[in-house]
Amino acid sequence: MSCTNNMKQIGIGLHNHHDTYGKFPPGMLTQDPYLPGAATPTRTWNNHGVFWSTFLLPYVEQNTLFDLLSEHLNNFDRQTPFQWWSHPSGNLASNLVPGYMCPSDTSGDYFPGFPEWKHGKSNYVAVAASGYSGQDLGDADRDTPTRAVPIPGYTLSGYNAKYNGCFWHNSKTNFASITDGSSNTFLIAERDGLAIPNGRNASHWMGPDNATFLNQGMTGIDADPTYRLNVTPTGIDLNQWDTPGSLHTGGANFLLGDGSVHFISDTIDGLTYEALGSRNGGEVANLP
């Protein structure tokens with residue numbers, strides 16, 4: 001119930017953000033690779049990003065932390081690097097946000113993937129696409145024309161596509177773009193924090209150390225048995241750690257676009273599962 005309530009509050013936050021700005025927060029905000037007037041990229045993508053969950057801080061009773069970040073990062077100006085670790089009071093990412101942590105996850109307070117970072121853990125990840133798995137969203141073998149569409153003018157590998165979910169690099173999706181219907185589309189999925197190879201590493205709320213690592217704050221909804229919901233990681237394919245899953249028995253919680261939270265069984269039909277991961281696939285997906 002506590003986990004469900006966390007996700008409902010996240011849903012309220014996403015709706016309030018949409019009411020204020022006319023769109024959802026970006027899946028991950030990244031430094032702009034193009035200086036004004038530049039014809040070619042002038043900045044490296046090998047820098048930090050800022051996850052969607054950072055922009056929801058004012059809606060989960062973390063206004064003070066958000067104001068510190070906004071001031072320190074020049075109001076999230078994409079022309080400058082997002083160096084939150086250099087704040088005079090210390091690494092701002094090490095702050096804990098209780099509303100982002102599932103009480104059933106006993107793996108500790110910090111992101112277990114890289115414990116030396118001391119990044120505050122989050123058990124909730126945004127849904128980027130149906131049918132993808134991999135280190136980042138740019139792997140050619142994971143993309144299909146129905147799931148990734150090149151963005152004109154962007155030629156940087158791994159960042160030149162938008163996806164059929166609701167969140168990705170610098171995304172600006174809104175309710176109008178959810179043509180499958182908000183009650184039929186996943187926004188947020190749960191992910192447990194057990195360390196690989198036994199679990200999925202959870203996430204962290206601030207953002208990754210490298211802007212290619214979307215899987216730290218986002219996920220794909222994949223029917224492939226290798227990447228299905230609650231799959232038991234084998235320790236061989238480490239891409240399994242970017243999938244949804246939980247320490248609840250038999251499934252995990254998901255937030256839908258209408259703000260409702262549903263416990264989805266890990267025996268869900270694969271086609272239905274993937275259909276719920278897309279915002280515009282035209283599928284008829286009824287919750288089981």
# chains A, B, ... in the order shown; residues from 1 in each chain; ligands from 1
$ residues_around --residues "segment 279-286 of chain A" --least-positions-apart "4" --cutoff "7 Å" --atoms "only C-alpha atoms" --output "list in words"
Asn164, Gly165, Cys166, Ile178, Thr179, Asp180, Asn184, Thr185, Thr272 and Ala275 of chain A
$ residues_around --residues "Asn95 of chain A" --least-positions-apart "4" --cutoff "10 Å" --atoms "only C-alpha atoms" --output "count of residues only"
11
$ residues_around --residues "Pro58 of chain A" --least-positions-apart "5" --cutoff "10 Å" --atoms "only C-alpha atoms" --output "ChimeraX atom specification"
/A:13,17,63-67
$ write_last_selection --atoms "N, CA, C and O atoms" --output "PDB file, in the first residue's frame"
ATOM      1  N   GLY A  13       1.945  14.342  -9.241  1.00  0.00           N
ATOM      2  CA  GLY A  13       3.016  15.253  -9.620  1.00  0.00           C
ATOM      3  C   GLY A  13       3.141  15.415 -11.119  1.00  0.00           C
ATOM      4  O   GLY A  13       3.312  16.532 -11.630  1.00  0.00           O
ATOM      5  N   HIS A  17       2.572  18.831 -13.101  1.00  0.00           N
ATOM      6  CA  HIS A  17       3.607  19.365 -13.996  1.00  0.00           C
ATOM      7  C   HIS A  17       3.014  19.641 -15.365  1.00  0.00           C
ATOM      8  O   HIS A  17       3.287  20.686 -15.988  1.00  0.00           O
ATOM      9  N   ASN A  63      10.576  20.798  -2.139  1.00  0.00           N
ATOM     10  CA  ASN A  63      10.771  22.104  -2.768  1.00  0.00           C
ATOM     11  C   ASN A  63      12.149  22.692  -2.479  1.00  0.00           C
ATOM     12  O   ASN A  63      12.792  23.269  -3.368  1.00  0.00           O
ATOM     13  N   THR A  64      12.610  22.544  -1.232  1.00  0.00           N
ATOM     14  CA  THR A  64      13.905  23.124  -0.866  1.00  0.00           C
ATOM     15  C   THR A  64      15.034  22.509  -1.672  1.00  0.00           C
ATOM     16  O   THR A  64      15.917  23.217  -2.185  1.00  0.00           O
ATOM     17  N   LEU A  65      15.003  21.186  -1.820  1.00  0.00           N
ATOM     18  CA  LEU A  65      16.032  20.508  -2.603  1.00  0.00           C
ATOM     19  C   LEU A  65      15.964  20.929  -4.059  1.00  0.00           C
ATOM     20  O   LEU A  65      17.004  21.182  -4.697  1.00  0.00           O
ATOM     21  N   PHE A  66      14.765  21.039  -4.597  1.00  0.00           N
ATOM     22  CA  PHE A  66      14.625  21.447  -5.995  1.00  0.00           C
ATOM     23  C   PHE A  66      15.153  22.873  -6.196  1.00  0.00           C
ATOM     24  O   PHE A  66      15.835  23.154  -7.188  1.00  0.00           O
ATOM     25  N   ASP A  67      14.843  23.768  -5.260  1.00  0.00           N
ATOM     26  CA  ASP A  67      15.328  25.149  -5.386  1.00  0.00           C
ATOM     27  C   ASP A  67      16.855  25.210  -5.338  1.00  0.00           C
ATOM     28  O   ASP A  67      17.477  25.990  -6.071  1.00  0.00           O
TER      29      ASP A  67
END
$ select_by_dssp --residues "segment 185-285 of chain A" --states "strand (DSSP E or B)" --output "list in words"
Phe186, Leu187, Ile188, Ala189, Glu190, Ser203, His204, Met218, Thr219, Gly220, Ile221, Gly251, Ala252, Asn253, Phe254, Leu255, Leu256, Val261, His262, Phe263, Ile264 and Ser265 of chain A
$ residues_around --residues "Leu14 of chain A" --least-positions-apart "4" --cutoff "10 Å" --atoms "only C-alpha atoms" --output "PyMOL selection string"
chain A and resi 8-10+18-20+23-25+52-53+55-56+59+187+257+259
$ closest_residue --among "A:Leu255, A:Leu214, A:Leu68, A:Val261" --to "Asp242 of chain A" --atoms "only C-alpha atoms"
A:Leu214
